[in-house]
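Undergrad: What follows is structure32.cif, made up of mmCIF, C-alpha atoms:
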```cif
data_data
#
loop_
_atom_site.group_PDB
_atom_site.id
_atom_site.type_symbol
_atom_site.label_atom_id
_atom_site.label_comp_id
_atom_site.auth_asym_id
_atom_site.auth_seq_id
_atom_site.Cartn_x
_atom_site.Cartn_y
_atom_site.Cartn_z
ATOM 1 C CA MET A 49 3.468 11.579 17.085
ATOM 2 C CA ASN A 50 7.237 11.272 17.309
ATOM 3 C CA ASN A 51 9.154 14.486 16.641
ATOM 4 C CA SER A 52 12.670 13.109 16.466
ATOM 5 C CA PRO A 53 14.787 14.273 13.495
ATOM 6 C CA MET A 54 14.582 12.403 10.223
ATOM 7 C CA LYS A 55 17.328 9.846 9.883
ATOM 8 C CA THR A 56 19.577 8.900 6.981
ATOM 9 C CA PRO A 57 19.934 5.122 6.574
ATOM 10 C CA VAL A 58 23.382 3.825 7.460
ATOM 11 C CA LYS A 59 25.353 3.022 4.324
ATOM 12 C CA ARG A 60 26.395 -0.615 4.300
ATOM 13 C CA THR A 61 29.438 -2.148 2.701
ATOM 14 C CA ARG A 62 29.200 -4.406 -0.345
ATOM 15 C CA LYS A 63 29.993 -7.358 1.902
ATOM 16 C CA GLU A 64 27.167 -6.472 4.288
ATOM 17 C CA MET A 65 24.727 -6.152 1.384
ATOM 18 C CA LYS A 66 25.482 -9.740 0.362
ATOM 19 C CA SER A 67 25.207 -11.162 3.878
ATOM 20 C CA GLY A 68 22.033 -12.506 5.441
ATOM 21 C CA GLY A 69 19.491 -10.415 7.331
ATOM 22 C CA GLY A 70 18.500 -7.614 5.000
ATOM 23 C CA THR A 71 19.901 -8.696 1.662
ATOM 24 C CA HIS A 72 19.971 -6.402 -1.339
ATOM 25 C CA ILE A 73 19.718 -3.258 0.753
ATOM 26 C CA LYS A 74 21.175 -0.348 -1.188
ATOM 27 C CA PRO A 75 20.694 2.972 0.598
ATOM 28 C CA LEU A 76 21.211 6.128 -1.423
ATOM 29 C CA SER A 77 24.280 8.235 -0.784
ATOM 30 C CA ALA A 78 23.777 10.737 2.017
ATOM 31 C CA LEU A 79 23.431 13.592 -0.482
ATOM 32 C CA ARG A 80 20.914 11.825 -2.727
ATOM 33 C CA CYS A 81 18.981 10.548 0.283
ATOM 34 C CA ALA A 82 18.723 14.068 1.680
ATOM 35 C CA ALA A 83 17.553 15.356 -1.711
ATOM 36 C CA ALA A 84 14.850 12.689 -1.967
ATOM 37 C CA ARG A 85 13.660 13.386 1.562
ATOM 38 C CA TRP A 86 13.563 17.114 0.858
ATOM 39 C CA ARG A 87 11.472 16.610 -2.273
ATOM 40 C CA ILE A 88 8.916 14.605 -0.296
ATOM 41 C CA ARG A 89 8.953 16.848 2.770
ATOM 42 C CA ARG A 90 8.303 20.023 0.787
ATOM 43 C CA TYR A 91 4.864 18.696 -0.131
ATOM 44 C CA LEU A 92 3.981 17.737 3.465
ATOM 45 C CA PRO A 93 2.394 19.976 6.102
ATOM 46 C CA ALA A 94 5.049 21.447 8.395
ATOM 47 C CA THR A 95 3.583 19.611 11.389
ATOM 48 C CA VAL A 96 4.492 16.172 9.994
ATOM 49 C CA ARG A 97 7.850 16.813 8.351
ATOM 50 C CA LYS A 98 9.786 15.284 11.241
ATOM 51 C CA ILE A 99 8.373 11.786 10.904
ATOM 52 C CA PRO A 100 11.405 9.498 10.312
ATOM 53 C CA LEU A 101 11.729 8.850 6.587
ATOM 54 C CA PHE A 102 14.077 6.250 5.091
ATOM 55 C CA VAL A 103 14.757 6.313 1.342
ATOM 56 C CA TYR A 104 16.470 3.488 -0.567
ATOM 57 C CA GLU A 105 17.552 3.224 -4.167
ATOM 58 C CA ILE A 106 16.643 -0.457 -4.073
ATOM 59 C CA THR A 107 15.867 -2.925 -1.302
ATOM 60 C CA ASP A 108 14.397 -6.390 -0.978
ATOM 61 C CA SER A 109 11.127 -5.272 0.628
ATOM 62 C CA THR A 110 10.068 -2.008 2.274
ATOM 63 C CA ASN A 111 7.712 -4.018 4.491
ATOM 64 C CA ARG A 112 10.701 -6.018 5.704
ATOM 65 C CA ARG A 113 12.692 -2.865 6.366
ATOM 66 C CA ALA A 114 9.790 -1.448 8.375
ATOM 67 C CA ALA A 115 9.327 -4.655 10.389
ATOM 68 C CA GLU A 116 13.033 -4.823 11.243
ATOM 69 C CA TYR A 117 12.947 -1.183 12.298
ATOM 70 C CA ILE A 118 10.000 -1.831 14.612
ATOM 71 C CA LYS A 119 11.671 -4.880 16.166
ATOM 72 C CA GLY A 120 14.799 -2.785 16.710
ATOM 73 C CA GLY A 121 12.851 -0.294 18.798
ATOM 74 C CA GLY A 122 12.699 2.528 16.249
ATOM 75 C CA ALA A 123 10.525 5.573 16.908
ATOM 76 C CA LEU A 124 7.039 5.396 15.398
ATOM 77 C CA PRO A 125 5.498 6.266 13.071
ATOM 78 C CA ALA A 126 8.110 5.934 10.332
ATOM 79 C CA VAL A 127 8.102 5.763 6.537
ATOM 80 C CA PHE A 128 10.191 3.536 4.239
ATOM 81 C CA LEU A 129 10.393 4.244 0.513
ATOM 82 C CA SER A 130 12.405 2.532 -2.202
ATOM 83 C CA GLY A 131 12.984 3.119 -5.893
ATOM 84 C CA GLY A 132 12.649 -0.622 -6.483
ATOM 85 C CA GLN A 133 12.225 -3.941 -4.671
ATOM 86 C CA THR A 134 13.848 -7.285 -5.364
ATOM 87 C CA ALA A 135 11.386 -9.241 -3.213
ATOM 88 C CA GLY A 136 8.204 -7.164 -3.069
ATOM 89 C CA ARG A 137 5.294 -9.091 -1.581
ATOM 90 C CA GLY A 138 1.524 -9.067 -1.882
ATOM 91 C CA ARG A 139 -1.245 -10.973 -0.153
ATOM 92 C CA LEU A 140 -1.119 -14.755 0.212
ATOM 93 C CA GLY A 141 2.660 -14.727 -0.229
ATOM 94 C CA ARG A 142 2.530 -13.615 -3.854
ATOM 95 C CA SER A 143 5.293 -11.489 -5.347
ATOM 96 C CA PHE A 144 4.631 -7.849 -6.243
ATOM 97 C CA VAL A 145 6.438 -6.616 -9.361
ATOM 98 C CA SER A 146 8.480 -3.567 -8.287
ATOM 99 C CA ALA A 147 10.575 -2.386 -11.222
ATOM 100 C CA THR A 148 13.222 0.193 -10.308
ATOM 101 C CA GLY A 149 12.170 3.753 -11.049
ATOM 102 C CA ALA A 150 8.704 2.779 -12.297
ATOM 103 C CA GLY A 151 6.522 3.023 -9.223
ATOM 104 C CA LEU A 152 5.966 4.119 -5.650
ATOM 105 C CA TYR A 153 6.955 1.380 -3.197
ATOM 106 C CA ILE A 154 6.327 2.604 0.316
ATOM 107 C CA SER A 155 5.704 1.127 3.757
ATOM 108 C CA TYR A 156 4.512 2.714 6.968
ATOM 109 C CA ALA A 157 5.456 1.530 10.458
ATOM 110 C CA ILE A 158 2.381 2.383 12.498
ATOM 111 C CA PRO A 159 1.995 2.253 16.288
ATOM 112 C CA VAL A 160 -1.120 0.506 17.585
ATOM 113 C CA SER A 161 -2.799 0.280 20.954
ATOM 114 C CA GLY A 162 -4.730 -2.882 21.657
ATOM 115 C CA ALA A 163 -6.037 -5.001 18.811
ATOM 116 C CA ALA A 164 -5.487 -3.749 15.282
ATOM 117 C CA ASP A 165 -7.731 -4.914 12.473
ATOM 118 C CA ALA A 166 -5.643 -5.426 9.342
ATOM 119 C CA LEU A 167 -8.779 -5.789 7.218
ATOM 120 C CA LYS A 168 -10.180 -2.487 8.456
ATOM 121 C CA ILE A 169 -6.830 -0.724 7.976
ATOM 122 C CA THR A 170 -6.548 -2.106 4.438
ATOM 123 C CA THR A 171 -10.112 -1.060 3.610
ATOM 124 C CA HIS A 172 -9.627 2.571 4.567
ATOM 125 C CA ALA A 173 -6.062 2.670 3.200
ATOM 126 C CA ALA A 174 -7.475 1.740 -0.223
ATOM 127 C CA VAL A 175 -9.595 4.891 -0.103
ATOM 128 C CA ALA A 176 -6.506 6.926 0.853
ATOM 129 C CA VAL A 177 -4.672 5.515 -2.187
ATOM 130 C CA CYS A 178 -7.560 6.466 -4.491
ATOM 131 C CA ARG A 179 -7.619 9.992 -3.072
ATOM 132 C CA ALA A 180 -3.838 10.416 -3.327
ATOM 133 C CA VAL A 181 -3.788 9.252 -6.952
ATOM 134 C CA GLY A 182 -6.616 11.715 -7.623
ATOM 135 C CA ASP A 183 -4.566 14.473 -6.003
ATOM 136 C CA VAL A 184 -1.792 14.129 -8.601
ATOM 137 C CA SER A 185 -3.741 12.975 -11.663
ATOM 138 C CA PRO A 186 -7.204 13.079 -13.225
ATOM 139 C CA LEU A 187 -7.743 9.363 -12.597
ATOM 140 C CA ASP A 188 -10.850 8.133 -10.801
ATOM 141 C CA CYS A 189 -9.822 4.882 -9.130
ATOM 142 C CA ARG A 190 -11.935 1.896 -8.206
ATOM 143 C CA ILE A 191 -11.397 -0.761 -5.521
ATOM 144 C CA LYS A 192 -11.479 -4.546 -5.815
ATOM 145 C CA TRP A 193 -12.028 -6.174 -2.450
ATOM 146 C CA VAL A 194 -10.007 -6.221 -0.424
ATOM 147 C CA ASN A 195 -6.654 -4.707 -1.278
ATOM 148 C CA ASP A 196 -6.415 -3.782 -4.952
ATOM 149 C CA VAL A 197 -6.943 -0.402 -6.610
ATOM 150 C CA TYR A 198 -8.027 -0.432 -10.256
ATOM 151 C CA VAL A 199 -8.325 1.980 -13.164
ATOM 152 C CA SER A 200 -10.082 1.077 -16.417
ATOM 153 C CA GLY A 201 -10.452 -2.527 -15.327
ATOM 154 C CA ARG A 202 -6.750 -3.064 -14.626
ATOM 155 C CA LYS A 203 -4.763 -3.120 -11.407
ATOM 156 C CA LEU A 204 -2.928 0.066 -10.487
ATOM 157 C CA SER A 205 -2.012 -0.558 -6.849
ATOM 158 C CA GLY A 206 -1.781 -3.233 -4.187
ATOM 159 C CA ILE A 207 -1.898 -2.953 -0.396
ATOM 160 C CA LEU A 208 -0.558 -5.296 2.299
ATOM 161 C CA ALA A 209 -1.036 -4.791 6.060
ATOM 162 C CA GLU A 210 0.982 -6.995 8.426
ATOM 163 C CA GLY A 211 1.131 -7.100 12.216
ATOM 164 C CA VAL A 212 4.437 -7.064 14.082
ATOM 165 C CA THR A 213 4.515 -8.737 17.492
ATOM 166 C CA SER A 214 6.716 -8.054 20.494
ATOM 167 C CA PRO A 215 8.955 -10.756 22.029
ATOM 168 C CA GLY A 216 6.065 -11.428 24.433
ATOM 169 C CA GLY A 217 3.751 -12.197 21.546
ATOM 170 C CA THR A 218 1.557 -9.090 21.754
ATOM 171 C CA LEU A 219 0.869 -6.900 18.746
ATOM 172 C CA SER A 220 3.209 -3.906 18.885
ATOM 173 C CA ALA A 221 2.734 -2.251 15.488
ATOM 174 C CA VAL A 222 1.369 -2.662 11.994
ATOM 175 C CA VAL A 223 3.311 -2.379 8.742
ATOM 176 C CA LEU A 224 1.227 -1.001 5.893
ATOM 177 C CA GLY A 225 2.851 -1.587 2.508
ATOM 178 C CA ILE A 226 1.587 0.087 -0.669
ATOM 179 C CA GLY A 227 2.769 -0.249 -4.250
ATOM 180 C CA ILE A 228 1.490 2.054 -7.002
ATOM 181 C CA ASN A 229 2.467 1.713 -10.664
ATOM 182 C CA ILE A 230 3.570 5.100 -12.025
ATOM 183 C CA LYS A 231 5.224 4.301 -15.370
ATOM 184 C CA PRO A 232 4.099 1.658 -17.886
ATOM 185 C CA GLU A 233 7.720 0.593 -18.461
ATOM 186 C CA GLY A 234 7.656 -1.155 -15.099
ATOM 187 C CA ILE A 235 4.851 -3.526 -16.064
ATOM 188 C CA PRO A 236 5.998 -6.794 -17.695
ATOM 189 C CA GLN A 237 4.569 -7.392 -21.158
ATOM 190 C CA ASP A 238 2.642 -10.468 -20.017
ATOM 191 C CA LEU A 239 0.835 -8.464 -17.321
ATOM 192 C CA ARG A 240 -0.226 -5.454 -19.371
ATOM 193 C CA ASP A 241 -3.703 -6.846 -19.974
ATOM 194 C CA ILE A 242 -4.375 -6.887 -16.239
ATOM 195 C CA ALA A 243 -2.126 -4.124 -14.838
ATOM 196 C CA THR A 244 -1.780 -0.430 -15.604
ATOM 197 C CA SER A 245 0.037 2.714 -14.470
ATOM 198 C CA ILE A 246 -0.772 6.356 -13.785
ATOM 199 C CA ALA A 247 1.248 7.603 -16.766
ATOM 200 C CA GLY A 248 -0.165 4.895 -18.998
ATOM 201 C CA GLU A 249 -3.706 5.984 -18.187
ATOM 202 C CA CYS A 250 -3.431 9.765 -18.207
ATOM 203 C CA GLY A 251 -0.637 10.185 -20.758
ATOM 204 C CA LYS A 252 1.775 12.081 -18.525
ATOM 205 C CA GLU A 253 4.212 11.258 -15.759
ATOM 206 C CA VAL A 254 3.616 12.294 -12.186
ATOM 207 C CA SER A 255 6.154 12.974 -9.469
ATOM 208 C CA ARG A 256 6.774 9.931 -7.314
ATOM 209 C CA ASP A 257 7.813 12.136 -4.420
ATOM 210 C CA ARG A 258 4.705 14.296 -4.635
ATOM 211 C CA LEU A 259 2.553 11.161 -4.738
ATOM 212 C CA ALA A 260 4.392 9.793 -1.687
ATOM 213 C CA ALA A 261 3.741 13.025 0.195
ATOM 214 C CA ARG A 262 0.063 13.142 -0.746
ATOM 215 C CA LEU A 263 -0.417 9.508 0.275
ATOM 216 C CA THR A 264 1.367 10.100 3.579
ATOM 217 C CA GLU A 265 -0.839 13.098 4.273
ATOM 218 C CA ARG A 266 -3.972 11.083 3.441
ATOM 219 C CA LEU A 267 -2.824 8.400 5.898
ATOM 220 C CA LEU A 268 -1.784 10.864 8.586
ATOM 221 C CA PRO A 269 -4.646 10.212 11.048
ATOM 222 C CA LEU A 270 -3.784 6.501 10.994
ATOM 223 C CA LEU A 271 -0.069 7.194 11.454
ATOM 224 C CA THR A 272 -0.624 9.452 14.444
ATOM 225 C CA GLY A 273 -3.178 7.234 16.172
ATOM 226 C CA ASP A 274 -6.252 9.349 15.422
ATOM 227 C CA THR A 275 -8.257 6.349 14.278
ATOM 228 C CA GLU A 276 -11.612 8.083 14.702
ATOM 229 C CA GLU A 277 -10.488 10.580 12.073
ATOM 230 C CA PHE A 278 -9.271 7.785 9.773
ATOM 231 C CA PHE A 279 -11.992 5.143 10.156
ATOM 232 C CA THR A 280 -14.831 7.487 9.267
ATOM 233 C CA PRO A 281 -18.295 6.677 7.878
ATOM 234 C CA GLY A 282 -17.457 8.918 4.930
ATOM 235 C CA SER A 283 -14.376 6.851 4.083
ATOM 236 C CA LEU A 284 -16.380 3.637 4.279
ATOM 237 C CA ALA A 285 -19.127 5.091 2.092
ATOM 238 C CA GLU A 286 -16.475 6.092 -0.450
ATOM 239 C CA TYR A 287 -15.044 2.562 -0.415
ATOM 240 C CA ARG A 288 -18.489 1.200 -1.249
ATOM 241 C CA ARG A 289 -19.000 3.801 -3.977
ATOM 242 C CA ARG A 290 -15.647 2.972 -5.563
ATOM 243 C CA SER A 291 -16.175 -0.798 -5.331
ATOM 244 C CA ILE A 292 -16.084 -2.735 -8.598
ATOM 245 C CA VAL A 293 -17.299 -5.851 -6.818
ATOM 246 C CA ILE A 294 -20.636 -4.976 -5.214
ATOM 247 C CA GLY A 295 -23.496 -6.283 -7.341
ATOM 248 C CA GLN A 296 -21.192 -8.454 -9.459
ATOM 249 C CA ASN A 297 -21.038 -12.198 -9.983
ATOM 250 C CA ILE A 298 -17.769 -13.452 -8.509
ATOM 251 C CA ARG A 299 -15.850 -16.614 -7.724
ATOM 252 C CA VAL A 300 -14.717 -17.134 -4.154
ATOM 253 C CA ILE A 301 -11.430 -18.936 -3.528
ATOM 254 C CA HIS A 302 -10.621 -20.469 -0.133
ATOM 255 C CA GLY A 303 -7.522 -22.614 -0.459
ATOM 256 C CA ASP A 304 -8.489 -25.512 -2.722
ATOM 257 C CA THR A 305 -12.195 -24.635 -2.554
ATOM 258 C CA GLU A 306 -13.779 -22.404 -5.207
ATOM 259 C CA TYR A 307 -17.425 -21.523 -5.746
ATOM 260 C CA PRO A 308 -19.599 -18.919 -7.520
ATOM 261 C CA ALA A 309 -21.488 -16.207 -5.658
ATOM 262 C CA ARG A 310 -22.816 -12.683 -5.958
ATOM 263 C CA ALA A 311 -21.234 -9.818 -4.008
ATOM 264 C CA THR A 312 -23.887 -7.798 -2.178
ATOM 265 C CA GLY A 313 -22.046 -5.319 0.045
ATOM 266 C CA ILE A 314 -19.248 -4.308 2.405
ATOM 267 C CA THR A 315 -19.681 -4.422 6.195
ATOM 268 C CA ASP A 316 -18.525 -1.622 8.479
ATOM 269 C CA GLU A 317 -15.480 -3.770 9.323
ATOM 270 C CA GLY A 318 -14.547 -4.137 5.648
ATOM 271 C CA ALA A 319 -15.767 -7.713 5.152
ATOM 272 C CA LEU A 320 -17.486 -8.699 1.904
ATOM 273 C CA THR A 321 -21.086 -9.922 2.031
ATOM 274 C CA ILE A 322 -22.067 -12.456 -0.604
ATOM 275 C CA VAL A 323 -24.905 -14.763 -1.544
ATOM 276 C CA ARG A 324 -24.100 -18.233 -2.849
ATOM 277 C CA GLU A 325 -25.912 -19.695 -5.841
ATOM 278 C CA ASP A 326 -28.246 -21.633 -3.531
ATOM 279 C CA GLY A 327 -29.256 -18.395 -1.763
ATOM 280 C CA THR A 328 -27.077 -18.884 1.323
ATOM 281 C CA PRO A 329 -25.695 -15.570 2.630
ATOM 282 C CA GLU A 330 -22.091 -15.399 3.793
ATOM 283 C CA ILE A 331 -19.623 -12.858 5.148
ATOM 284 C CA LEU A 332 -16.009 -13.038 3.945
ATOM 285 C CA SER A 333 -13.236 -11.494 6.011
ATOM 286 C CA THR A 334 -10.484 -13.633 4.474
ATOM 287 C CA GLY A 335 -9.930 -15.398 1.207
ATOM 288 C CA GLU A 336 -9.782 -14.232 -2.382
ATOM 289 C CA ILE A 337 -12.272 -13.439 -5.103
ATOM 290 C CA THR A 338 -12.159 -13.060 -8.850
ATOM 291 C CA VAL A 339 -14.486 -10.914 -10.919
ATOM 292 C CA ARG A 340 -14.684 -10.382 -14.671
ATOM 293 C CA LEU A 341 -13.992 -6.689 -15.302
ATOM 294 C CA ARG A 342 -13.161 -6.404 -19.006
#
```
What would the structure in this file look like if it were written as structure tokens?

TA:
Amino acid sequence: MNNSPMKTPVKRTRKEMKSGGGTHIKPLSALRCAAARWRIRRYLPATVRKIPLFVYEITDSTNRRAAEYIKGGGALPAVFLSGGQTAGRGRLGRSFVSATGAGLYISYAIPVSGAADALKITTHAAVAVCRAVGDVSPLDCRIKWVNDVYVSGRKLSGILAEGVTSPGGTLSAVVLGIGINIKPEGIPQDLRDIATSIAGECGKEVSRDRLAARLTERLLPLLTGDTEEFFTPGSLAEYRRRSIVIGQNIRVIHGDTEYPARATGITDEGALTIVREDGTPEILSTGEITVRLR
């Protein structure tokens, strides 16, 4: 683990914010940035308080900030948090609604050695999200394969893991981006039937900074390279227990192809096992599914 001091993002001029390469970056003032970092750090164990932490009032994408940091040779692991995103992204290139002040939008720049399995990271990270939300609220979250966290049949959180390659083409790090809805005000009216928030479910607001700290602590073994402590049988068993997909009739979507099936389980690598209508078994490690929840 890197023990270099936490860094305050460099404040850019208005002209630089409008230029290419990192548009819409708006770092907090040094004082407000320090205050936000302090609020998060006070909830963290003393041993991890020196992980570099970058806090923005608003940015285009925390995943993009993390990827640029990695490519610039920044010390790993590192954490990037923003009060809002103008170009938040989900799987398959979809946008992720990131209303300012209404959620936790956080990305982790994670060092890797050898091959890194984004599916496996996403699988266990979903469990970490469920645990962190449970740390700050009474909510009991469920997981929709592969990267969505649900409460009461509606989406609460999304997860996106992306590899970052070196100039030589080898994998050098992974960016793990997580968005969690905290306040219902951040959810557009036309999405309220399918999306929810922590405050909307439990009737009270929770501290974004405390949630960020709890999530970071839950992810700590992954951040520090202790994968045996992160990819545990217990975590995988919890993923299966929290699944809202296993045993359900689903529709599988692969590009322009769509077909019905029944979800039967989750492999140790995080893939979804299914049986088609004609009885043919299949293992999905990519693609998308839909399931009727409400």

Undergrad: Let me make sure I understand: among A:Gly211, A:Pro186, A:Pro281, A:Gly225, which one has the smallest atom-to-atom distance to Cys250 in chain A if we use all atoms listed in the file?

TA: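 Under the stated criterion, the closest residue is A:Pro186.
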
Undergrad: For range 217-297 of chain A versus range 311-329 of chain A, which residues have an atom no more than 8 Å away, and what is each residue's nearest atom pair and distance in Å rounded to one decimal, using only C-alpha atoms, chain-then-number order, as JSON lines?

TA:
```
{"residue": "A:Leu284", "atom": "CA", "partner": "A:Asp316", "partner_atom": "CA", "distance": 7.1}
{"residue": "A:Arg288", "atom": "CA", "partner": "A:Ile314", "partner_atom": "CA", "distance": 6.7}
{"residue": "A:Val293", "atom": "CA", "partner": "A:Ala311", "partner_atom": "CA", "distance": 6.3}
{"residue": "A:Ile294", "atom": "CA", "partner": "A:Ala311", "partner_atom": "CA", "distance": 5.0}
{"residue": "A:Gly295", "atom": "CA", "partner": "A:Ala311", "partner_atom": "CA", "distance": 5.4}
{"residue": "A:Gln296", "atom": "CA", "partner": "A:Ala311", "partner_atom": "CA", "distance": 5.6}
{"residue": "A:Asn297", "atom": "CA", "partner": "A:Ala311", "partner_atom": "CA", "distance": 6.4}
```

Undergrad: Starting from the PyMOL selection byres ((chain A and resi 267) around 10), expand the selection into actual residues of this file and give them as an MDAnalysis selection string.

TA: chainID A and resid 156 172:173 175:177 180 261:266 268:272 278

Undergrad: Pull out every residue that the PyMOL selection byres ((chain A and resi 160) around 10) matches in the shown coordinates and put them as a CSV table (one decimal) with C-alpha atoms, in the frame of the given file.

TA:
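What landed in expr-v9.csv:
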```
chain,number,residue,atom,x,y,z
A,124,LEU,CA,7.0,5.4,15.4
A,125,PRO,CA,5.5,6.3,13.1
A,157,ALA,CA,5.5,1.5,10.5
A,158,ILE,CA,2.4,2.4,12.5
A,159,PRO,CA,2.0,2.3,16.3
A,161,SER,CA,-2.8,0.3,21.0
A,162,GLY,CA,-4.7,-2.9,21.7
A,163,ALA,CA,-6.0,-5.0,18.8
A,164,ALA,CA,-5.5,-3.7,15.3
A,165,ASP,CA,-7.7,-4.9,12.5
A,211,GLY,CA,1.1,-7.1,12.2
A,219,LEU,CA,0.9,-6.9,18.7
A,220,SER,CA,3.2,-3.9,18.9
A,221,ALA,CA,2.7,-2.3,15.5
A,222,VAL,CA,1.4,-2.7,12.0
A,270,LEU,CA,-3.8,6.5,11.0
A,271,LEU,CA,-0.1,7.2,11.5
A,272,THR,CA,-0.6,9.5,14.4
A,273,GLY,CA,-3.2,7.2,16.2
A,275,THR,CA,-8.3,6.3,14.3
```

Undergrad: Exactly which residues make up the result of the PyMOL selection byres ((chain A and resi 113-119) around 12) on this file, given as a PyMOL selection string?

TA: chain A and resi 57+69-75+100-104+106-112+120-130+133+135-136+153-160+209-216+219-225

Undergrad: Could you work out how far CA of Leu204 in chain A lies from CA of Ile230 in chain A, giving the answer in Å with one decimal?

TA: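 Here the two named atoms are 8.4 Å from each other.
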
Undergrad: Could you state the separation of CA of Thr305 in chain A and CA of Val339 in chain A in Å, given to one decimal place?

TA: 16.2 Å

Undergrad: Identify, on the basis of all atoms listed in the file, every residue whose closest approach to range 87-89 of chain A does not exceed 7 Å; exclude the query and any residue fewer than 4 positions from it along the same chain; express the result as a list in words.

TA: Ala83, Arg97, Asp257, Arg258, Ala260 and Ala261 of chain A

Undergrad: Where's the centre, and what are the edge lengths in Å to one decimal, of a box along x, y and z enclosing all listed atoms of range 234-243 of chain A padded 6 Å per side, as AutoDock Vina command-line options?

TA:
```
--center_x 1.6 --center_y -5.8 --center_z -18.0 --size_x 24.0 --size_y 21.3 --size_z 18.3
```

Undergrad: Between CA of Ile301 in chain A and CA of Gly227 in chain A, measure the distance and give it in Å to one decimal.

TA: 23.5 Å

Undergrad: Would you mind telling me which residue in A:Ser200, A:Ser283, A:Ser255, A:Asn195 lies nearest to Ala243 in chain A when using all atoms listed in the file?

TA: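 Among the listed residues, the smallest separation from Ala243 in chain A belongs to A:Ser200.
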
Undergrad: Between A:Asp196, A:Asp188, A:Thr280, A:Leu208, which one has atoms that come closest to Thr338 in chain A, using all atoms listed in the file?

TA: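 Using all atoms listed in the file, the shortest distance to Thr338 in chain A belongs to A:Asp196.
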
Undergrad: If I put a ball of radius 12 Å at (0.9, 13.9, -15.3) in the file's coordinates, which residues poke into it when counting all atoms listed in the file, written as a list of chain:residue names?

TA: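 So the residues meeting the distance criterion are A:Val181, A:Gly182, A:Asp183, A:Val184, A:Ser185, A:Pro186, A:Leu187, A:Ile230, A:Lys231, A:Ser245, A:Ile246, A:Ala247, A:Gly248, A:Glu249, A:Cys250, A:Gly251, A:Lys252, A:Glu253, A:Val254, A:Ser255, A:Arg256, A:Arg258, A:Leu259.
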
Undergrad: Please provide as a ChimeraX atom specification all residues within 7 Å of Arg290 in chain A, with the sequence filter that same-chain residues fewer than 4 positions apart are discarded (counting only C-alpha atoms).

TA: /A:190-191,286

Undergrad: Take the residues just selected and output them with C-alpha atoms as a PDB file, in the coordinates of the input.

TA:
```pdb
ATOM      1  CA  ARG A 190     -11.935   1.896  -8.206  1.00  0.00           C
ATOM      2  CA  ILE A 191     -11.397  -0.761  -5.521  1.00  0.00           C
ATOM      3  CA  GLU A 286     -16.475   6.092  -0.450  1.00  0.00           C
TER       4      GLU A 286
END
```
